[in-house]
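For reference, input-v5.txt (compact mmCIF, C-alpha atoms):
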# COMPACT_ATOMS: atom_id res chain seq x y z
CA MET A 15 -14.11 157.12 248.93
CA ALA A 16 -15.51 154.60 246.54
CA ALA A 17 -18.60 152.48 246.94
CA LEU A 18 -18.41 149.04 245.41
CA GLN A 19 -21.51 147.33 244.33
CA ALA A 20 -21.19 143.67 243.30
CA SER A 21 -24.04 141.76 241.76
CA SER A 22 -23.94 138.26 240.44
CA LEU A 23 -26.15 137.19 237.67
CA LEU A 24 -26.96 133.54 237.22
CA LEU A 25 -27.05 132.47 233.64
CA SER A 26 -30.22 130.91 232.60
CA SER A 27 -29.77 127.24 232.19
CA SER A 28 -31.56 125.68 229.36
CA SER A 29 -32.61 122.11 229.50
CA SER A 30 -33.40 120.20 226.41
CA SER A 31 -35.45 117.09 226.06
CA SER A 32 -32.91 114.40 225.40
CA SER A 33 -29.50 115.78 224.41
CA SER A 34 -28.49 117.68 227.53
CA SER A 35 -27.58 115.60 230.49
CA GLY A 36 -26.73 118.38 232.89
CA CYS A 37 -26.93 122.07 233.42
CA SER A 38 -24.00 124.37 233.18
CA SER A 39 -24.08 127.67 234.89
CA LYS A 40 -21.88 130.61 234.34
CA ARG A 41 -21.47 133.41 236.81
CA ARG A 42 -20.78 136.86 235.52
CA ILE A 43 -19.88 139.61 237.90
CA ALA A 44 -20.54 143.19 236.85
CA ALA A 45 -18.90 145.82 239.02
CA SER A 46 -19.52 149.55 238.81
CA ILE A 47 -17.51 152.11 240.73
CA GLN A 48 -19.16 155.47 241.48
CA VAL A 49 -16.61 158.22 242.28
CA PRO A 50 -17.92 161.61 243.38
CA LYS A 51 -16.76 164.69 241.51
CA PRO A 52 -13.76 166.36 243.07
CA SER A 53 -14.73 169.25 245.23
CA ILE A 54 -13.73 172.69 243.93
CA LEU A 55 -11.05 174.21 246.08
CA SER A 56 -12.26 177.51 247.42
CA PHE A 57 -10.29 180.01 249.43
CA ALA A 58 -13.22 182.17 250.32
CA ASP A 59 -13.04 180.77 253.83
CA HIS A 60 -9.40 181.69 254.19
CA PRO A 61 -9.17 183.98 257.26
CA GLY A 62 -6.65 186.30 255.60
CA ALA A 63 -8.84 186.66 252.52
CA ALA A 64 -11.89 187.59 254.57
CA ILE A 65 -9.98 190.32 256.41
CA ALA A 66 -8.48 191.66 253.19
CA LYS A 67 -11.85 191.72 251.39
CA LYS A 68 -13.44 193.55 254.29
CA LEU A 69 -10.67 196.16 254.31
CA VAL A 70 -10.86 196.67 250.54
CA LYS A 71 -14.64 197.05 250.66
CA GLU A 72 -14.39 199.66 253.41
CA LEU A 73 -11.67 201.65 251.60
CA SER A 74 -13.44 201.46 248.24
CA THR A 75 -16.73 202.83 249.57
CA ARG A 76 -15.29 205.86 251.35
CA ASN A 77 -16.38 209.01 249.54
CA SER A 78 -16.93 206.93 246.34
CA TYR A 79 -13.18 206.86 245.59
CA PRO A 80 -11.43 203.55 244.98
CA PHE A 81 -8.45 203.14 247.26
CA ALA A 82 -7.44 199.69 246.02
CA GLU A 83 -8.32 197.28 243.30
CA SER A 84 -10.32 194.15 243.91
CA LEU A 85 -8.41 191.12 245.07
CA GLN A 86 -7.63 188.45 242.55
CA MET A 87 -7.06 185.01 244.03
CA ASP A 88 -4.95 182.52 242.15
CA VAL A 89 -5.12 178.79 242.90
CA ALA A 90 -1.43 178.42 242.25
CA GLN A 91 -0.72 181.15 244.79
CA LYS A 92 -3.32 180.25 247.37
CA ASP A 93 -1.05 181.04 250.25
CA ARG A 94 -0.54 184.66 249.20
CA VAL A 95 -3.37 187.11 249.61
CA SER A 96 -2.84 190.52 247.99
CA GLU A 97 -3.77 193.16 250.50
CA PRO A 98 -3.99 196.94 249.88
CA ARG A 99 -1.02 198.65 251.36
CA LEU A 100 -0.66 202.32 252.21
CA SER A 101 2.68 204.00 252.48
CA PRO A 102 4.03 204.21 256.02
CA GLY A 103 4.26 207.99 255.62
CA SER A 104 0.58 208.43 254.72
CA SER A 105 -2.66 207.79 256.51
CA ILE A 106 -6.27 207.39 255.50
CA GLU A 107 -7.12 210.85 256.89
CA THR A 108 -4.37 212.52 254.84
CA THR A 109 -5.45 210.66 251.71
CA MET A 110 -9.07 211.67 252.27
CA LYS A 111 -8.05 215.32 252.63
CA LEU A 112 -6.11 215.21 249.39
CA TYR A 113 -9.05 213.57 247.62
CA ALA A 114 -11.26 216.42 248.87
CA VAL A 115 -8.81 218.96 247.41
CA LEU A 116 -8.76 216.98 244.16
CA GLU A 117 -12.55 217.13 243.97
CA ALA A 118 -12.46 220.91 244.41
CA VAL A 119 -9.80 221.25 241.71
CA GLU A 120 -11.83 219.20 239.23
CA ASP A 121 -14.85 221.38 239.95
CA ARG A 122 -12.80 224.51 239.27
CA VAL A 123 -11.55 223.09 235.98
CA GLU A 124 -15.12 222.65 234.80
CA MET A 125 -16.17 226.11 236.04
CA HIS A 126 -13.29 227.89 234.30
CA ASP A 127 -13.92 225.94 231.08
CA ASN A 128 -17.59 226.91 231.05
CA ILE A 129 -17.03 230.55 231.98
CA GLY A 130 -14.18 230.88 229.49
CA GLU A 131 -16.43 229.66 226.69
CA GLN A 132 -19.17 232.02 227.84
CA ARG A 133 -16.87 235.06 227.86
CA ASP A 134 -15.45 234.17 224.47
CA ASN A 135 -19.05 234.23 223.19
CA TRP A 136 -19.48 237.63 224.83
CA ASN A 137 -16.60 239.00 222.80
CA LYS A 138 -18.01 237.71 219.50
CA LEU A 139 -21.64 238.71 220.15
CA LEU A 140 -20.87 242.16 221.55
CA LEU A 141 -18.44 242.94 218.74
CA ASN A 142 -20.98 241.93 216.09
CA SER A 143 -23.73 243.92 217.80
CA VAL A 144 -21.65 247.09 218.20
CA ASN A 145 -20.38 246.96 214.62
CA MET A 146 -23.86 246.36 213.20
CA MET A 147 -25.29 249.30 215.13
CA THR A 148 -22.34 251.53 214.20
CA LEU A 149 -22.48 250.69 210.50
CA THR A 150 -26.25 251.03 210.39
CA ALA A 151 -26.04 254.44 212.08
CA THR A 152 -23.25 255.46 209.70
CA THR A 153 -25.35 254.52 206.67
CA THR A 154 -28.34 256.39 208.08
CA ALA A 155 -26.24 259.48 208.78
CA ALA A 156 -24.82 259.44 205.25
CA ILE A 157 -28.34 259.27 203.79
CA ALA A 158 -29.46 262.06 206.10
CA ALA A 159 -26.54 264.24 204.95
CA ALA A 160 -27.54 263.77 201.30
CA ALA A 161 -31.30 264.13 201.88
CA PRO A 162 -31.95 265.88 205.21
CA ALA A 163 -34.67 264.20 207.24
CA PRO A 164 -35.22 264.56 211.02
CA SER A 165 -36.27 260.96 211.38
CA LEU A 166 -33.06 259.65 209.83
CA ARG A 167 -30.96 261.90 212.03
CA ALA A 168 -32.85 260.77 215.14
CA CYS A 169 -32.37 257.10 214.26
CA SER A 170 -28.68 257.66 213.56
CA ALA A 171 -28.16 259.50 216.85
CA LEU A 172 -29.99 256.80 218.79
CA LEU A 173 -27.92 254.01 217.25
CA PHE A 174 -24.65 255.89 217.79
CA THR A 175 -25.57 256.47 221.44
CA ALA A 176 -26.34 252.78 222.01
CA ALA A 177 -23.09 251.81 220.27
CA THR A 178 -21.18 254.23 222.51
CA GLY A 179 -22.63 252.64 225.66
CA MET A 180 -21.89 249.11 224.53
CA SER A 181 -18.40 250.09 223.44
CA LEU A 182 -17.74 251.53 226.90
CA VAL A 183 -18.84 248.27 228.51
CA MET A 184 -16.60 246.22 226.21
CA SER A 185 -13.68 248.52 226.83
CA LYS A 186 -14.14 248.20 230.58
CA ILE A 187 -14.41 244.42 230.88
CA GLN A 188 -12.28 243.39 227.86
CA PRO A 189 -14.09 240.12 226.98
CA SER A 190 -11.17 238.71 224.99
CA GLN A 191 -8.86 239.19 227.98
CA LEU A 192 -11.45 237.63 230.30
CA ALA A 193 -11.65 234.56 228.06
CA GLU A 194 -7.86 234.23 228.00
CA GLU A 195 -7.74 234.46 231.80
CA GLN A 196 -10.17 231.56 232.11
CA ARG A 197 -8.25 229.49 229.57
CA ASN A 198 -5.04 230.00 231.53
CA ALA A 199 -6.80 229.20 234.81
CA SER A 200 -8.25 225.99 233.37
CA ARG A 201 -4.86 224.90 232.06
CA LEU A 202 -3.14 225.56 235.40
CA PHE A 203 -5.85 223.78 237.39
CA LYS A 204 -5.53 220.77 235.06
CA GLN A 205 -1.79 220.82 235.71
CA LEU A 206 -2.43 220.90 239.46
CA ARG A 207 -4.92 218.05 239.10
CA SER A 208 -2.25 215.93 237.41
CA GLU A 209 0.18 216.68 240.23
CA ILE A 210 -2.36 215.61 242.86
CA LYS A 211 -3.12 212.37 241.02
CA ALA A 212 0.60 211.62 240.82
CA MET A 213 0.93 212.19 244.56
CA LEU A 214 -1.98 209.84 245.23
CA ALA A 215 -0.47 207.21 242.96
CA LEU A 216 2.87 207.37 244.77
CA GLN A 217 1.05 207.18 248.14
CA SER A 218 3.76 209.08 250.00
CA LEU A 219 1.53 211.75 251.53
CA THR A 220 2.04 214.01 254.50
CA ASP A 221 0.05 216.84 256.04
CA SER A 222 2.50 219.35 254.56
CA ASP A 223 1.63 218.05 251.06
CA VAL A 224 -2.05 218.71 251.70
CA LYS A 225 -1.31 222.19 253.06
CA GLU A 226 0.93 223.05 250.11
CA THR A 227 -1.70 221.86 247.64
CA MET A 228 -4.38 223.98 249.30
CA GLU A 229 -2.10 227.01 249.10
CA LYS A 230 -1.68 226.42 245.37
CA VAL A 231 -5.44 226.22 244.89
CA LEU A 232 -6.04 229.46 246.79
CA ALA A 233 -3.22 231.21 244.91
CA LEU A 234 -4.85 230.24 241.60
CA ASP A 235 -8.20 231.52 242.87
CA ARG A 236 -6.63 234.88 243.66
CA ALA A 237 -4.79 235.08 240.35
CA TYR A 238 -7.81 234.22 238.19
CA PRO A 239 -11.04 235.24 239.93
CA LEU A 240 -14.39 234.19 238.52
CA PRO A 241 -16.63 237.20 239.36
CA LEU A 242 -16.65 240.38 237.28
CA LEU A 243 -17.64 242.91 239.91
CA GLY A 244 -15.22 243.73 242.68
CA ALA A 245 -12.68 240.95 242.18
CA MET A 246 -11.97 241.38 238.46
CA ILE A 247 -8.33 241.81 237.48
CA GLU A 248 -7.42 245.40 236.69
CA LYS A 249 -7.38 245.64 232.91
CA PHE A 250 -5.47 248.93 232.64
CA PRO A 251 -2.86 249.10 235.43
CA THR A 252 -0.41 251.95 235.57
CA LYS A 253 2.47 249.48 235.29
CA PHE A 254 2.52 246.17 233.48
CA GLN A 255 3.04 243.31 235.95
CA PRO A 256 3.55 239.58 235.31
CA ALA A 257 0.82 237.19 236.39
CA ALA A 258 1.47 235.34 239.67
CA TRP A 259 -0.54 232.15 240.26
CA TRP A 260 1.69 230.39 242.80
CA PRO A 261 2.14 230.83 246.58
CA ARG A 262 4.87 233.32 247.28
CA VAL A 263 7.75 232.26 249.52
CA SER A 264 8.24 234.83 252.29
CA SER A 265 11.66 236.34 252.92
CA ASN A 266 11.73 234.92 256.46
CA ARG A 267 11.24 231.39 255.17
CA ARG A 268 13.98 231.91 252.60
CA GLN A 269 16.41 233.19 255.22
CA SER A 270 15.68 230.32 257.60
CA ARG A 271 16.08 227.89 254.71
CA GLY A 272 19.42 229.40 253.79
CA ARG A 273 20.74 229.16 257.37
CA LYS A 274 20.12 225.40 257.58
CA MET A 275 23.19 223.23 257.87
CA VAL A 276 23.75 220.33 255.53
CA THR A 277 22.60 217.28 257.46
CA ASN A 278 22.83 214.79 254.62
CA THR A 279 26.23 213.95 253.17
CA GLU A 280 24.70 212.56 249.97
CA GLN A 281 24.11 215.28 247.41
CA ASN A 282 21.02 213.71 245.82
CA GLY A 283 22.21 214.17 242.24
CA TRP A 284 23.50 217.68 242.83
CA SER A 285 26.98 219.01 242.22
CA GLU A 286 28.70 222.36 242.28
CA ASP A 287 28.76 222.48 238.48
CA LEU A 288 25.02 221.86 238.31
CA GLU A 289 24.32 224.67 240.79
CA VAL A 290 26.48 227.05 238.76
CA GLU A 291 24.63 225.98 235.62
CA MET A 292 21.22 226.68 237.20
CA ARG A 293 22.34 230.13 238.36
CA ALA A 294 23.53 230.91 234.84
CA ILE A 295 20.15 229.86 233.44
CA VAL A 296 18.41 232.19 235.90
CA GLU A 297 20.54 235.10 234.69
CA VAL A 298 19.54 234.42 231.08
CA LEU A 299 15.85 234.23 231.94
CA LYS A 300 16.00 237.47 233.92
CA GLY A 301 18.09 239.43 231.44
CA LYS A 302 16.59 238.23 228.15
CA ASP A 303 13.27 236.39 228.24
CA GLN A 304 11.43 238.14 231.04
CA GLN A 305 12.59 241.61 230.04
CA ASP A 306 11.51 241.02 226.44
CA TYR A 307 8.00 239.95 227.45
CA LEU A 308 7.70 242.86 229.87
CA ARG A 309 8.63 245.24 227.05
CA LEU A 310 6.11 243.67 224.65
CA GLY A 311 3.45 243.63 227.36
CA ASN A 312 3.92 247.34 228.01
CA LEU A 313 3.58 248.11 224.29
CA ALA A 314 0.40 246.04 224.00
CA LEU A 315 -1.05 247.66 227.13
CA LYS A 316 -0.38 251.19 225.81
CA LEU A 317 -1.94 250.32 222.45
CA ASN A 318 -5.00 248.88 224.18
CA LYS A 319 -5.41 252.03 226.28
CA ILE A 320 -5.41 254.17 223.11
CA LEU A 321 -7.95 251.95 221.38
CA VAL A 322 -10.19 251.83 224.46
CA VAL A 323 -10.49 255.62 224.48
CA SER A 324 -10.74 256.06 220.72
CA ALA A 325 -13.73 253.85 219.91
CA PRO A 326 -16.27 255.33 222.39
CA LEU A 327 -14.98 258.84 221.64
CA LEU A 328 -15.60 258.45 217.92
CA THR A 329 -19.09 257.03 218.37
CA GLY A 330 -19.89 259.79 220.86
CA ILE A 331 -18.81 262.44 218.36
CA ALA A 332 -20.92 260.76 215.70
CA ALA A 333 -23.95 260.70 218.00
CA ALA A 334 -23.59 264.41 218.80
CA GLY A 335 -23.11 265.34 215.13
CA SER A 336 -26.21 263.39 214.07
CA ALA A 337 -28.40 264.84 216.80
CA PHE A 338 -27.50 268.55 216.76
CA GLY A 339 -25.69 269.33 213.50
CA GLY A 340 -26.63 270.17 209.98
CA PRO A 341 -25.70 268.37 206.78
CA THR A 342 -21.98 268.98 207.31
CA ALA A 343 -22.09 267.70 210.89
CA THR A 344 -24.10 264.69 209.79
CA ALA A 345 -21.49 263.88 207.13
CA ALA A 346 -18.77 264.17 209.80
CA ALA A 347 -20.82 261.83 211.99
CA ALA A 348 -20.86 259.27 209.19
CA ILE A 349 -17.08 259.49 208.86
CA ALA A 350 -16.59 259.19 212.65
CA GLY A 351 -18.92 256.19 212.74
CA ALA A 352 -16.93 254.41 210.02
CA MET A 353 -13.69 255.07 211.91
CA ALA A 354 -15.26 253.77 215.14
CA ALA A 355 -16.23 250.52 213.41
CA LEU A 356 -12.63 250.10 212.24
CA VAL A 357 -11.24 250.74 215.73
CA ASN A 358 -13.68 248.30 217.36
CA SER A 359 -12.84 245.63 214.82
CA PHE A 360 -9.11 246.05 215.41
CA GLU A 361 -9.39 246.16 219.21
CA HIS A 362 -11.89 243.38 219.89
CA GLY A 363 -11.66 241.43 216.62
CA GLY A 364 -7.86 241.45 216.93
CA GLN A 365 -8.24 240.58 220.64
CA VAL A 366 -5.65 243.04 221.88
CA GLY A 367 -6.75 242.36 225.46
CA MET A 368 -6.02 238.67 224.95
CA VAL A 369 -2.52 239.56 223.73
CA VAL A 370 -1.91 241.60 226.88
CA GLU A 371 -2.98 238.68 229.05
CA MET A 372 -0.81 236.30 227.05
CA TYR A 373 2.24 238.48 227.71
CA ARG A 374 1.32 238.65 231.41
CA ASN A 375 1.16 234.87 231.58
CA CYS A 376 4.46 234.38 229.72
CA ALA A 377 6.28 236.87 231.95
CA GLY A 378 4.81 235.11 234.99
CA PHE A 379 6.07 231.77 233.68
CA PHE A 380 9.65 233.04 233.61
CA GLU A 381 9.31 234.59 237.05
CA LEU A 382 8.05 231.26 238.40
CA MET A 383 11.00 229.47 236.82
CA GLU A 384 13.42 231.90 238.45
CA GLU A 385 11.82 231.61 241.88
CA THR A 386 11.72 227.82 241.68
CA ILE A 387 15.41 227.53 240.78
CA GLU A 388 16.48 230.08 243.39
CA ALA A 389 14.40 228.49 246.13
CA THR A 390 15.86 225.07 245.29
CA LEU A 391 19.42 226.35 245.40
CA GLU A 392 18.82 228.12 248.71
CA GLU A 393 17.84 224.84 250.35
CA ARG A 394 21.07 223.65 251.97
CA ASP A 395 19.77 220.20 252.92
CA TYR A 396 20.20 218.13 249.77
CA SER A 397 17.78 215.48 250.98
CA LYS A 398 14.97 218.05 250.88
CA ARG A 399 15.76 219.09 247.33
CA GLU A 400 14.42 217.41 244.25
CA ASN A 401 16.90 215.09 242.62
CA GLY A 402 19.44 217.19 240.71
CA GLU A 403 19.32 215.26 237.44
CA MET A 404 15.53 215.21 237.48
CA PHE A 405 15.41 218.94 238.23
CA GLU A 406 17.78 219.71 235.35
CA MET A 407 15.67 217.62 232.97
CA LYS A 408 12.47 219.43 234.04
CA VAL A 409 14.05 222.84 233.48
CA ALA A 410 15.25 221.78 230.03
CA VAL A 411 11.83 220.43 229.01
CA LYS A 412 10.01 223.54 230.22
CA LEU A 413 12.34 225.73 228.19
CA GLY A 414 11.99 223.53 225.09
CA ARG A 415 15.64 222.44 225.12
CA SER A 416 17.60 219.24 225.36
CA LEU A 417 20.10 218.74 228.18
CA SER A 418 23.03 219.50 225.92
CA GLN A 419 21.39 222.69 224.67
CA LEU A 420 20.67 223.76 228.24
CA ARG A 421 24.31 223.26 229.22
CA ASP A 422 25.49 225.16 226.14
CA LEU A 423 23.22 228.04 227.13
CA ALA A 424 24.69 228.02 230.66
CA ARG A 425 28.23 228.12 229.25
CA LYS A 426 27.30 231.08 227.03
CA SER A 427 25.81 232.88 230.00
CA MET A 428 28.92 232.35 232.13
CA ALA A 429 31.17 233.44 229.26
CA SER A 430 29.10 236.60 228.73
CA CYS A 431 29.41 237.45 232.42
CA ILE A 432 33.20 237.10 232.26
CA GLU A 433 33.59 239.03 229.01
CA GLY A 434 30.93 241.61 229.83
CA THR A 435 28.87 240.89 226.72
CA GLU A 436 25.24 239.95 226.18
CA VAL A 437 23.94 236.47 225.43
CA ASP A 438 22.86 236.27 221.80
CA GLU A 439 19.86 233.98 222.33
CA PHE A 440 16.81 233.60 224.55
CA GLY A 441 16.56 230.89 227.15
CA ASN A 442 13.14 229.71 226.07
CA LYS A 443 12.51 228.05 222.71
CA LEU A 444 8.79 227.39 223.09
CA PHE A 445 7.40 230.93 222.87
Represent the structure contained in this file as structure tokens.
Amino acid sequence: MAALQASSLLLSSSSSSSSSSGCSSKRRIAASIQVPKPSILSFADHPGAAIAKKLVKELSTRNSYPFAESLQMDVAQKDRVSEPRLSPGSSIETTMKLYAVLEAVEDRVEMHDNIGEQRDNWNKLLLNSVNMMTLTATTTAAIAAAAPAPSLRACSALLFTAATGMSLVMSKIQPSQLAEEQRNASRLFKQLRSEIKAMLALQSLTDSDVKETMEKVLALDRAYPLPLLGAMIEKFPTKFQPAAWWPRVSSNRRQSRGRKMVTNTEQNGWSEDLEVEMRAIVEVLKGKDQQDYLRLGNLALKLNKILVVSAPLLTGIAAAGSAFGGPTATAAAAIAGAMAALVNSFEHGGQVGMVVEMYRNCAGFFELMEETIEATLEERDYSKRENGEMFEMKVAVKLGRSLSQLRDLARKSMASCIEGTEVDEFGNKLF
């Protein structure tokens, strides 16, 4: 709309005295057009946009977790309103449950990190304290043997007794092993956290996914407990056992899974050759890798048992020799104290308990790989398996191999079974 304003201006006519006989007038018309500024197109009043914004605001404020990003309206695409979409297989309730599990997992990661750092400090501080007391008592006993003095003998006996008590406590709880347990627990909870975030990103959630994730969390809690009293892992078992931090599949579930008929004709990336290859890999892991780590774990456990008994025994002998013996016994106490300091330094400074836990974790890793492959192969419905090519790639990456190296290892395993020989290499190349 334009408003036209016209105004006519009459030119002033000048009259002179004698030379002008008439008046001439000129009419000038000045026109100005005033056009209002174009109105800014706004789609805030679009009914679809209002509904979408309301839905996004409601989803974003639930439990302080963002379910969708803010809408971005484009003038060129005014007819399309981006709305948050959930997968048809998931619901808001299922997503909320998984977010609750994710929150608990993140809390456990922080707890295990903090407690692992604390128990690592225990190992350093207790070792320094025990060695300082032992060496001080040894020096005092040596002086008392050269120049007998009751006060020196009493001080030496008192220090040896305190060192014996602290050495017993360290031998019982194994601080280096406790710290390694918490490091492993933190790493596994971080891995579980990544899996949950990937599930939330894919947005294909079911109630069985939530249940399975909760089972994994509880299995990790049982495998790596936080308290020391009552629930602490047995540090000196009669038999070395691999660590198990995953939910065990019962035999009934395995049998029912094996009896299922194939309902999907598509093989989902699987073939008979791939199944044979996976079974050959399992045989290598069972016969080589797991057995080797079980053997090394048993050796480390036996060594740790010897060291655990030796250190308190030596300091106890030194305490008795300083308290009740003469110069000869006091000299023997000094020698026993020096040996006790060496044993403590080797056991706790060398972190033999941590080595035992490392072997437990490695043996458990191979057992988990075997169970995962076997459980996958026992599933007769290919649609319920993970894609075969993806599964093969994951196995290769976890073992530190390329796909060609994994297939070469499977061929060696099958050839060794036919010829009755042993495979000349381990399945794992990482550790």
Dump as a Markdown table the rows for residues of stretch 166-247 of chain A within 6 Å of stretch 253-263 of chain A: closest atom pair and distance in Å with one decimal, all atoms listed in the file counted, ordered by chain and rising residue number.
| residue | atom | partner | partner_atom | distance |
| --- | --- | --- | --- | --- |
| A:Lys230 | CA | A:Trp260 | CA | 5.8 |
| A:Ala233 | CA | A:Trp260 | CA | 5.4 |
| A:Leu234 | CA | A:Trp259 | CA | 4.9 |
| A:Ala237 | CA | A:Trp259 | CA | 5.2 |
Discussion item. Using Å and a single decimal, report how far atom CA of A:Arg309 sits from atom CA of A:Ser427.
Written reply: 21.4 Å
Response to the item:
Of A:Leu216, A:Leu321, A:Met407, A:Ala193, the one nearest to A:Ile129 when counting only C-alpha atoms is A:Ala193
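When all atoms listed in the file are used to compute distances to A:Ile349, the closest of the residues A:Thr153, A:Leu192, A:Gln365, A:His126 turns out to be A:Thr153.
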For stretch 219-227 of chain A: contacts at 10 Å, all atoms listed in the file, fewer than 5 positions along chain excluded, given as a PDB file with C-alpha atoms, in the coordinates of the input:
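Okay, part.pdb is ready:
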ATOM      1  CA  LEU A 100      -0.660 202.320 252.210  1.00  0.00           C
ATOM      2  CA  SER A 101       2.680 204.000 252.480  1.00  0.00           C
ATOM      3  CA  PRO A 102       4.030 204.210 256.020  1.00  0.00           C
ATOM      4  CA  GLY A 103       4.260 207.990 255.620  1.00  0.00           C
ATOM      5  CA  SER A 104       0.580 208.430 254.720  1.00  0.00           C
ATOM      6  CA  SER A 105      -2.660 207.790 256.510  1.00  0.00           C
ATOM      7  CA  ILE A 106      -6.270 207.390 255.500  1.00  0.00           C
ATOM      8  CA  GLU A 107      -7.120 210.850 256.890  1.00  0.00           C
ATOM      9  CA  THR A 108      -4.370 212.520 254.840  1.00  0.00           C
ATOM     10  CA  THR A 109      -5.450 210.660 251.710  1.00  0.00           C
ATOM     11  CA  MET A 110      -9.070 211.670 252.270  1.00  0.00           C
ATOM     12  CA  LYS A 111      -8.050 215.320 252.630  1.00  0.00           C
ATOM     13  CA  LEU A 112      -6.110 215.210 249.390  1.00  0.00           C
ATOM     14  CA  TYR A 113      -9.050 213.570 247.620  1.00  0.00           C
ATOM     15  CA  ALA A 114     -11.260 216.420 248.870  1.00  0.00           C
ATOM     16  CA  VAL A 115      -8.810 218.960 247.410  1.00  0.00           C
ATOM     17  CA  LEU A 116      -8.760 216.980 244.160  1.00  0.00           C
ATOM     18  CA  LEU A 206      -2.430 220.900 239.460  1.00  0.00           C
ATOM     19  CA  ARG A 207      -4.920 218.050 239.100  1.00  0.00           C
ATOM     20  CA  GLU A 209       0.180 216.680 240.230  1.00  0.00           C
ATOM     21  CA  ILE A 210      -2.360 215.610 242.860  1.00  0.00           C
ATOM     22  CA  MET A 213       0.930 212.190 244.560  1.00  0.00           C
ATOM     23  CA  LEU A 214      -1.980 209.840 245.230  1.00  0.00           C
ATOM     24  CA  LEU A 232      -6.040 229.460 246.790  1.00  0.00           C
ATOM     25  CA  ALA A 233      -3.220 231.210 244.910  1.00  0.00           C
ATOM     26  CA  PRO A 261       2.140 230.830 246.580  1.00  0.00           C
TER      27      PRO A 261
END
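Minimum atom-to-atom distances from A:Ala350, A:Leu299, A:Ala160, A:Ala171 to A:Ala337 were compared using all atoms listed in the file, and the lowest value belongs to A:Ala171.
The two atoms in question, atom CA of A:Ala333 and atom CA of A:Phe174, are spaced 4.9 Å apart.
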Can you pull out the residues contacting A:Ile247? Cut-off 12 Å, using only C-alpha atoms, and skip same-chain residues under 6 positions away; I want them as a short mmCIF file (atom, residue, chain, number, x, y, z; two decimals) with C-alpha atoms, in the frame of the given file.
data_model
loop_
_atom_site.label_atom_id
_atom_site.label_comp_id
_atom_site.auth_asym_id
_atom_site.auth_seq_id
_atom_site.Cartn_x
_atom_site.Cartn_y
_atom_site.Cartn_z
CA LYS A 186 -14.14 248.20 230.58
CA ILE A 187 -14.41 244.42 230.88
CA GLN A 188 -12.28 243.39 227.86
CA GLN A 191 -8.86 239.19 227.98
CA LEU A 192 -11.45 237.63 230.30
CA GLU A 195 -7.74 234.46 231.80
CA GLN A 196 -10.17 231.56 232.11
CA ASP A 235 -8.20 231.52 242.87
CA ARG A 236 -6.63 234.88 243.66
CA ALA A 237 -4.79 235.08 240.35
CA TYR A 238 -7.81 234.22 238.19
CA PRO A 239 -11.04 235.24 239.93
CA LEU A 240 -14.39 234.19 238.52
CA PRO A 241 -16.63 237.20 239.36
CA GLN A 255 3.04 243.31 235.95
CA ALA A 257 0.82 237.19 236.39
CA ALA A 258 1.47 235.34 239.67
CA GLU A 371 -2.98 238.68 229.05
CA ARG A 374 1.32 238.65 231.41
#
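Within 6 Å of the file-frame point (-19.3, 253.4, 214.5), and using all atoms listed in the file, the polymer residues found are Thr148, Leu149, Thr329, Gly351, Ala352, Ala354 and Ala355 of chain A.
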Item to complete: Excluding stretch 288-295 of chain A and any residue of its chain fewer than 5 positions from it, enumerate the residues within 12 Å of it, using only C-alpha atoms, and give them as a VMD selection string.
Response: chain A and resid 281 to 283 300 to 303 380 383 to 394 396 401 to 410 413 417 to 432 437 439 to 442
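Of note, atom CA of A:Gly363 and atom CA of A:Ala151 are spaced 19.9 Å apart.
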Worksheet item: Of the residues A:Asn145, A:Glu400, A:Ala343, A:Glu436, which is the one nearest to A:Ala176, using all atoms listed in the file?
Response: A:Asn145
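Of the residues under consideration (A:Cys169, A:Val123, A:Ala161, A:Leu182), A:Val123 shows the shortest atom-to-atom contact distance to A:Ser208 when counting only C-alpha atoms.
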Item to complete: Give me the residues within 10 Å of A:Arg122 as a list in words, counting all atoms listed in the file and dropping any in the same chain fewer than 2 places off.
Response: Leu116, Glu117, Ala118, Val119, Glu120, Glu124, Met125, His126, Asp127, Asn128, Ala199, Ser200, Phe203, Lys204, Val231, Asp235 and Leu240 of chain A
Practice prompt. Please provide as a list in words all residues within 12 Å of A:Met353, with the sequence filter that same-chain residues fewer than 4 positions apart are discarded (counting all atoms listed in the file).
Written response: Asn145, Thr148, Leu149, Thr152, Leu321, Ser324, Ala325, Pro326, Leu327, Leu328, Thr329, Gly330, Ile331, Ala332, Ala346, Ala347, Ala348, Ile349, Val357, Asn358, Ser359 and Phe360 of chain A
